[in-house]
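Printed here is final-v8.cif (mmCIF, C-alpha atoms):
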data_final
loop_
_atom_site.group_PDB
_atom_site.id
_atom_site.type_symbol
_atom_site.label_atom_id
_atom_site.label_comp_id
_atom_site.auth_asym_id
_atom_site.auth_seq_id
_atom_site.Cartn_x
_atom_site.Cartn_y
_atom_site.Cartn_z
ATOM 1 C CA MET L 1 16.065 -19.684 9.418
ATOM 2 C CA LEU L 2 14.371 -18.946 12.724
ATOM 3 C CA GLU L 3 16.416 -15.759 13.003
ATOM 4 C CA ASP L 4 15.252 -14.709 9.518
ATOM 5 C CA VAL L 5 11.623 -15.198 10.537
ATOM 6 C CA GLN L 6 12.117 -13.269 13.779
ATOM 7 C CA ALA L 7 13.695 -10.379 11.869
ATOM 8 C CA ALA L 8 10.909 -10.291 9.256
ATOM 9 C CA ILE L 9 7.931 -10.205 11.645
ATOM 10 C CA PRO L 10 8.614 -6.718 13.140
ATOM 11 C CA LEU L 11 9.197 -5.317 9.638
ATOM 12 C CA GLY L 12 5.867 -6.727 8.462
ATOM 13 C CA PHE L 13 4.143 -5.195 11.481
ATOM 14 C CA LEU L 14 5.683 -1.767 10.818
ATOM 15 C CA LEU L 15 4.849 -2.025 7.108
ATOM 16 C CA SER L 16 1.172 -2.387 8.002
ATOM 17 C CA PHE L 17 1.215 1.028 9.699
ATOM 18 C CA ILE L 18 2.907 2.992 6.935
ATOM 19 C CA ILE L 19 0.494 5.866 6.334
ATOM 20 C CA GLY L 20 -0.614 6.170 2.732
ATOM 21 C CA PRO L 21 -3.667 5.878 0.475
ATOM 22 C CA VAL L 22 -3.829 2.081 0.897
ATOM 23 C CA PHE L 23 -3.925 2.443 4.696
ATOM 24 C CA PHE L 24 -6.944 4.754 4.673
ATOM 25 C CA VAL L 25 -8.863 2.984 1.899
ATOM 26 C CA LEU L 26 -8.454 -0.339 3.735
ATOM 27 C CA LEU L 27 -9.977 1.105 6.916
ATOM 28 C CA GLU L 28 -12.763 2.797 4.947
ATOM 29 C CA THR L 29 -13.559 -0.434 3.076
ATOM 30 C CA SER L 30 -13.743 -2.435 6.300
ATOM 31 C CA ALA L 31 -15.888 0.113 8.119
ATOM 32 C CA ILE L 32 -18.363 0.562 5.265
ATOM 33 C CA LYS L 33 -18.366 -2.708 3.293
ATOM 34 C CA GLY L 34 -17.325 -5.253 5.885
ATOM 35 C CA PHE L 35 -14.655 -7.829 6.669
ATOM 36 C CA ARG L 36 -14.672 -9.901 3.466
ATOM 37 C CA ALA L 37 -14.626 -6.816 1.265
ATOM 38 C CA ALA L 38 -11.592 -5.455 3.125
ATOM 39 C CA ILE L 39 -9.836 -8.837 2.846
ATOM 40 C CA CYS L 40 -10.322 -8.819 -0.935
ATOM 41 C CA PHE L 41 -8.945 -5.285 -1.145
ATOM 42 C CA ASN L 42 -5.960 -6.246 1.017
ATOM 43 C CA LEU L 43 -5.221 -9.330 -1.086
ATOM 44 C CA GLY L 44 -5.011 -7.080 -4.132
ATOM 45 C CA VAL L 45 -2.490 -4.885 -2.304
ATOM 46 C CA ILE L 46 -0.377 -7.916 -1.387
ATOM 47 C CA VAL L 47 -0.438 -9.243 -4.974
ATOM 48 C CA ALA L 48 1.000 -5.885 -6.089
ATOM 49 C CA ASP L 49 3.651 -6.129 -3.356
ATOM 50 C CA VAL L 50 4.622 -9.649 -4.485
ATOM 51 C CA LEU L 51 4.933 -8.386 -8.057
ATOM 52 C CA PHE L 52 7.093 -5.456 -6.937
ATOM 53 C CA ILE L 53 9.339 -7.731 -4.839
ATOM 54 C CA THR L 54 9.784 -10.056 -7.822
ATOM 55 C CA ILE L 55 10.666 -7.155 -10.129
ATOM 56 C CA ALA L 56 13.078 -5.709 -7.568
ATOM 57 C CA TYR L 57 14.760 -9.083 -7.021
ATOM 58 C CA PHE L 58 15.246 -10.039 -10.662
ATOM 59 C CA SER L 59 15.969 -6.584 -12.102
ATOM 60 C CA SER L 60 19.378 -4.977 -12.116
ATOM 61 C CA TYR L 61 20.255 -2.235 -9.651
ATOM 62 C CA GLN L 62 21.013 0.212 -12.464
ATOM 63 C CA LEU L 63 17.648 -0.399 -14.117
ATOM 64 C CA LEU L 64 15.764 0.351 -10.925
ATOM 65 C CA GLU L 65 18.015 3.315 -10.167
ATOM 66 C CA ASN L 66 16.979 4.788 -13.526
ATOM 67 C CA LEU L 67 13.338 3.812 -12.970
ATOM 68 C CA SER L 68 13.165 5.507 -9.593
ATOM 69 C CA ASN L 69 14.475 8.727 -11.134
ATOM 70 C CA GLN L 70 11.844 8.961 -13.858
ATOM 71 C CA PRO L 71 9.679 11.937 -12.808
ATOM 72 C CA GLY L 72 6.927 10.930 -15.226
ATOM 73 C CA LEU L 73 6.186 7.754 -13.248
ATOM 74 C CA TYR L 74 5.616 9.725 -10.052
ATOM 75 C CA VAL L 75 3.479 12.269 -11.870
ATOM 76 C CA PHE L 76 1.438 9.543 -13.567
ATOM 77 C CA GLY L 77 0.693 7.750 -10.297
ATOM 78 C CA GLY L 78 0.003 11.046 -8.550
ATOM 79 C CA VAL L 79 -2.458 12.176 -11.221
ATOM 80 C CA ILE L 80 -4.393 8.903 -10.932
ATOM 81 C CA LEU L 81 -4.610 9.288 -7.146
ATOM 82 C CA LEU L 82 -5.548 12.958 -7.520
ATOM 83 C CA VAL L 83 -8.371 12.211 -9.984
ATOM 84 C CA TYR L 84 -9.646 9.349 -7.832
ATOM 85 C CA GLY L 85 -9.564 11.573 -4.732
ATOM 86 C CA ILE L 86 -11.385 14.435 -6.466
ATOM 87 C CA THR L 87 -14.022 12.022 -7.802
ATOM 88 C CA THR L 88 -14.529 10.600 -4.313
ATOM 89 C CA PHE L 89 -14.747 14.070 -2.785
ATOM 90 C CA ILE L 90 -17.215 15.651 -5.231
ATOM 91 C CA LYS L 91 -19.538 12.630 -5.392
ATOM 92 C CA LYS L 92 -22.925 13.755 -4.121
ATOM 93 C CA GLN L 93 -24.664 12.181 -1.165
ATOM 94 C CA PRO L 94 -27.159 9.575 -2.433
ATOM 95 C CA THR L 95 -30.804 10.375 -1.816
ATOM 96 C CA GLU L 96 -31.806 6.708 -1.605
ATOM 97 C CA THR L 97 -31.079 4.400 1.312
ATOM 98 C CA LEU L 98 -27.452 3.307 1.262
ATOM 99 C CA LYS L 99 -26.919 -0.388 0.539
ATOM 100 C CA LEU L 100 -23.899 -1.912 2.251
ATOM 101 C CA LYS L 101 -24.370 -5.395 0.768
ATOM 102 C CA VAL L 102 -21.423 -6.462 -1.390
ATOM 103 C CA THR L 103 -21.878 -8.747 -4.404
ATOM 104 C CA LYS L 104 -19.400 -11.223 -5.906
ATOM 105 C CA GLY L 105 -18.604 -8.725 -8.650
ATOM 106 C CA ASP L 106 -17.784 -6.120 -5.995
ATOM 107 C CA TYR L 107 -15.247 -8.476 -4.414
ATOM 108 C CA LEU L 108 -13.376 -8.804 -7.715
ATOM 109 C CA SER L 109 -13.547 -5.059 -8.163
ATOM 110 C CA LEU L 110 -12.093 -4.508 -4.695
ATOM 111 C CA LEU L 111 -9.287 -6.982 -5.432
ATOM 112 C CA GLY L 112 -8.405 -5.003 -8.559
ATOM 113 C CA LYS L 113 -8.753 -1.708 -6.685
ATOM 114 C CA GLY L 114 -6.267 -2.823 -4.022
ATOM 115 C CA PHE L 115 -3.812 -3.982 -6.669
ATOM 116 C CA LEU L 116 -3.991 -0.803 -8.759
ATOM 117 C CA LEU L 117 -3.908 1.573 -5.796
ATOM 118 C CA ASN L 118 -0.654 -0.021 -4.643
ATOM 119 C CA PHE L 119 0.797 -0.621 -8.107
ATOM 120 C CA ILE L 120 0.556 2.976 -9.336
ATOM 121 C CA ASN L 121 2.887 4.147 -6.561
ATOM 122 C CA ILE L 122 6.447 3.765 -7.918
ATOM 123 C CA GLY L 123 7.701 4.579 -4.423
ATOM 124 C CA VAL L 124 6.552 1.121 -3.286
ATOM 125 C CA LEU L 125 8.876 -0.500 -5.838
ATOM 126 C CA VAL L 126 11.764 1.669 -4.655
ATOM 127 C CA PHE L 127 10.968 0.722 -1.052
ATOM 128 C CA TRP L 128 11.111 -3.018 -1.793
ATOM 129 C CA LEU L 129 14.350 -2.618 -3.730
ATOM 130 C CA GLY L 130 15.870 -0.833 -0.734
ATOM 131 C CA VAL L 131 14.772 -3.661 1.575
ATOM 132 C CA ILE L 132 16.282 -6.294 -0.739
ATOM 133 C CA ILE L 133 19.602 -4.435 -1.034
ATOM 134 C CA VAL L 134 19.859 -3.931 2.735
ATOM 135 C CA VAL L 135 18.575 -7.352 3.818
ATOM 136 C CA GLY L 136 20.003 -9.478 0.980
ATOM 137 C CA PRO L 137 23.639 -9.552 2.203
ATOM 138 C CA SER L 138 22.554 -10.482 5.742
ATOM 139 C CA LEU L 139 20.738 -13.461 4.203
ATOM 140 C CA ASP L 140 23.862 -14.388 2.191
ATOM 141 C CA ASN L 141 21.810 -13.584 -0.933
ATOM 142 C CA ASP L 142 20.384 -17.085 -0.582
ATOM 143 C CA PRO L 143 17.184 -17.261 -2.735
ATOM 144 C CA TYR L 144 15.512 -19.688 -0.321
ATOM 145 C CA ARG L 145 16.222 -17.557 2.748
ATOM 146 C CA ILE L 146 15.087 -14.434 0.866
ATOM 147 C CA LYS L 147 11.787 -16.145 -0.053
ATOM 148 C CA ILE L 148 11.230 -17.174 3.572
ATOM 149 C CA PHE L 149 12.052 -13.668 4.804
ATOM 150 C CA PHE L 150 9.662 -11.862 2.457
ATOM 151 C CA ALA L 151 6.916 -14.480 2.829
ATOM 152 C CA THR L 152 7.119 -14.026 6.610
ATOM 153 C CA MET L 153 7.180 -10.253 6.280
ATOM 154 C CA LEU L 154 4.083 -10.201 4.065
ATOM 155 C CA GLY L 155 2.398 -12.750 6.329
ATOM 156 C CA ALA L 156 2.981 -10.538 9.378
ATOM 157 C CA TYR L 157 1.741 -7.563 7.364
ATOM 158 C CA PHE L 158 -1.446 -9.407 6.397
ATOM 159 C CA ILE L 159 -2.151 -10.661 9.939
ATOM 160 C CA THR L 160 -1.670 -7.160 11.366
ATOM 161 C CA ASP L 161 -4.068 -5.827 8.747
ATOM 162 C CA LEU L 162 -6.641 -8.414 9.865
ATOM 163 C CA PHE L 163 -6.709 -6.802 13.300
ATOM 164 C CA LYS L 164 -7.018 -3.348 11.724
ATOM 165 C CA ILE L 165 -9.899 -4.598 9.591
ATOM 166 C CA LEU L 166 -11.686 -6.124 12.597
ATOM 167 C CA LEU L 167 -11.306 -2.923 14.603
ATOM 168 C CA ALA L 168 -12.566 -0.766 11.740
ATOM 169 C CA LYS L 169 -15.498 -3.138 11.231
ATOM 170 C CA GLN L 170 -16.742 -2.317 14.745
ATOM 171 C CA LEU L 171 -17.510 1.178 13.500
ATOM 172 C CA ARG L 172 -19.974 -0.169 10.935
ATOM 173 C CA ARG L 173 -22.848 -0.283 13.417
ATOM 174 C CA LYS L 174 -22.430 3.418 14.116
ATOM 175 C CA LEU L 175 -22.241 4.465 10.473
ATOM 176 C CA THR L 176 -25.326 6.287 9.283
ATOM 177 C CA GLN L 177 -25.728 7.344 5.663
ATOM 178 C CA LYS L 178 -24.664 10.875 6.566
ATOM 179 C CA ARG L 179 -21.565 9.698 8.457
ATOM 180 C CA ILE L 180 -20.519 7.450 5.568
ATOM 181 C CA TYR L 181 -20.849 10.434 3.259
ATOM 182 C CA PHE L 182 -18.458 12.479 5.413
ATOM 183 C CA VAL L 183 -16.050 9.532 5.750
ATOM 184 C CA LYS L 184 -15.848 9.385 1.952
ATOM 185 C CA LYS L 185 -15.308 13.149 1.829
ATOM 186 C CA GLY L 186 -12.400 12.816 4.252
ATOM 187 C CA LEU L 187 -10.961 9.907 2.287
ATOM 188 C CA GLY L 188 -11.181 11.993 -0.887
ATOM 189 C CA VAL L 189 -9.153 14.782 0.754
ATOM 190 C CA LEU L 190 -6.489 12.290 1.920
ATOM 191 C CA LEU L 191 -6.193 10.776 -1.562
ATOM 192 C CA ILE L 192 -5.893 14.249 -3.087
ATOM 193 C CA ILE L 193 -3.038 15.039 -0.661
ATOM 194 C CA CYS L 194 -1.267 11.750 -1.469
ATOM 195 C CA GLY L 195 -1.653 12.442 -5.183
ATOM 196 C CA LEU L 196 -0.196 15.940 -4.834
ATOM 197 C CA VAL L 197 2.753 14.557 -2.840
ATOM 198 C CA LEU L 198 3.538 12.070 -5.632
ATOM 199 C CA ILE L 199 3.222 14.760 -8.307
ATOM 200 C CA THR L 200 5.540 17.015 -6.282
ATOM 201 C CA LYS L 201 8.117 14.205 -6.141
ATOM 202 C CA GLY L 202 7.964 14.027 -9.910
ATOM 203 C CA PHE L 203 9.044 17.666 -10.199
ATOM 204 C CA LEU L 204 11.844 17.472 -7.626
ATOM 205 C CA PRO L 205 15.458 17.424 -8.897
ATOM 206 C CA LYS L 206 16.693 13.901 -9.617
ATOM 207 C CA ASP L 207 19.322 14.046 -6.895
ATOM 208 C CA LYS L 208 16.480 14.433 -4.376
ATOM 209 C CA LEU L 209 15.092 11.088 -5.543
ATOM 210 C CA SER L 210 18.425 9.258 -5.573
ATOM 211 C CA LEU L 211 17.888 5.637 -4.630
ATOM 212 C CA GLU L 212 21.568 5.264 -3.765
ATOM 213 C CA LYS L 213 21.383 8.066 -1.198
ATOM 214 C CA GLY L 214 18.241 6.570 0.295
ATOM 215 C CA ILE L 215 19.892 3.187 0.714
ATOM 216 C CA GLU L 216 22.955 4.796 2.281
ATOM 217 C CA LEU L 217 20.692 6.486 4.830
ATOM 218 C CA ILE L 218 19.039 3.163 5.629
ATOM 219 C CA LYS L 219 22.445 1.544 6.194
ATOM 220 C CA GLU L 220 23.601 4.431 8.383
ATOM 221 C CA LYS L 221 20.591 3.938 10.672
ATOM 222 C CA GLU L 222 21.412 0.271 11.241
#
Mind turning the file's structure into structure tokens?
Amino acid sequence: MLEDVQAAIPLGFLLSFIIGPVFFVLLETSAIKGFRAAICFNLGVIVADVLFITIAYFSSYQLLENLSNQPGLYVFGGVILLVYGITTFIKKQPTETLKLKVTKGDYLSLLGKGFLLNFINIGVLVFWLGVIIVVGPSLDNDPYRIKIFFATMLGAYFITDLFKILLAKQLRRKLTQKRIYFVKKGLGVLLIICGLVLITKGFLPKDKLSLEKGIELIKEKE
């Protein structure tokens, strides 16, 4: 079991630095709204990950192979990200003094935001399926060992994110209203790019999105 934990920790650390919309929104949330707000957002992301891992574990390989090759799912998620990014980008700079105080309702909203932002990306589900297929045999497909492995991996991911959140929070003192406005503009551009990438995946030929080929590449790198 100790070996399983040792193998999961580096993967959780690397997972925390996968560049995507969640990565940038987490840093933006910490820098602008503070530590607790970023924690709530991150918990929402992890809940989505747990749901994806559960689906990947209990669903058949063929079902997820078909799911990963449904262009409409990529396009749907990409359109949501694109609209959210455009909305963030075109939002005008407020004329009144910016309030950084977060209410209890905001925390719930951030939890839901983290969940949805992660959940709409079908690529995350495909990623977790690939991890299960590659790691499962090395864990003898033992449900208990698999639970320990993924719990450790997500724990390492969460702890690494705590350090990212704390570092981003240090920027809060230097954030003026004008700087926050430009940060949001930049975030909007990044979300638009991520949305376009997902939409592009949806229009690629199915053989380009083959889960089987992706898993074979993962195994070849081992």
Legend entry - Atom pair atom CA of Cys40 of chain L / atom CA of Gly114 of chain L: separation (Å): 7.9 Å
Determine the residue set returned by the PyMOL selection byres ((chain L and resi 198) around 9) for the present structure, and present it as a compact mmCIF listing (two decimals) with C-alpha atoms, keeping the file's coordinate frame.
# COMPACT_ATOMS: atom_id res chain seq x y z
CA TYR L 74 5.62 9.72 -10.05
CA VAL L 75 3.48 12.27 -11.87
CA PHE L 76 1.44 9.54 -13.57
CA GLY L 77 0.69 7.75 -10.30
CA GLY L 78 0.00 11.05 -8.55
CA VAL L 79 -2.46 12.18 -11.22
CA LEU L 81 -4.61 9.29 -7.15
CA ASN L 121 2.89 4.15 -6.56
CA GLY L 123 7.70 4.58 -4.42
CA ILE L 193 -3.04 15.04 -0.66
CA CYS L 194 -1.27 11.75 -1.47
CA GLY L 195 -1.65 12.44 -5.18
CA LEU L 196 -0.20 15.94 -4.83
CA VAL L 197 2.75 14.56 -2.84
CA ILE L 199 3.22 14.76 -8.31
CA THR L 200 5.54 17.02 -6.28
CA LYS L 201 8.12 14.20 -6.14
CA GLY L 202 7.96 14.03 -9.91
Inset, instruction - Pull the neighbourhood of (-1.4, 4.6, -3.4) for me: all residues within 6 Å in file coordinates, counting all atoms listed in the file, as a PyMOL selection string. - result: chain L and resi 21-22+117-118+121
Legend entry - Atom-to-atom span, atom CA of Ala7 of chain L and atom CA of Asp140 of chain L, Å: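 Those two atoms sit 14.6 Å apart.
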Legend entry - Which of L:Ala31, L:Leu26, L:Ile86, L:Ala48 sits closest to Leu116 of chain L [using only C-alpha atoms]: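 Checking each candidate against Leu116 of chain L, we get L:Ala48 as the closest.
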Inset, instruction - Given the file shown, determine the residues that the PyMOL selection byres ((chain L and resi 136) around 12) selects; report them as a PyMOL selection string. - result: chain L and resi 4+56-57+128-135+137-150
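For the atom pair formed by atom CA of Glu28 of chain L and atom CA of Lys184 of chain L, the distance is 7.9 Å, given to one decimal.
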Inset, instruction - For Gln6 of chain L, work out the shell of residues within 12 Å, counting only C-alpha atoms and skipping chain neighbours fewer than 5 positions away, then give it as JSON, numbers by chain. - result: {"L": [1, 11, 12, 13, 148, 149, 150, 152, 153, 156]}
Inset, instruction - Select all residues near (-12.5, -6.1, 10.1) (cut-off 8 Å, inclusive, file coordinates), counting all atoms listed in the file, and output them as a VMD selection string. - result: chain L and resid 30 to 31 34 to 36 38 162 to 170
Inset, instruction - Find the residues near Leu191 of chain L: any atom within 9 Å, counting only C-alpha atoms, skip ones fewer than 6 places away on the same chain, and give them as a list in words. - result: Gly20, Pro21, Phe24, Val25, Leu81, Leu82, Val83, Tyr84, Gly85, Ile86 and Thr88 of chain L
Padding 4 Å on every side, please: axis-aligned box over the listed atoms of segment 42-53 of chain L, centre and edge lengths to one decimal in Å, as JSON.
{"center_x": 1.7, "center_y": -7.3, "center_z": -3.5, "size_x": 23.3, "size_y": 12.8, "size_z": 17.1}
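The shortest atom-to-atom distance to Leu108 of chain L, with all atoms listed in the file taken into account, belongs to L:Ala37 out of L:Ile32, L:Val183, L:Ala37, L:Ile9.
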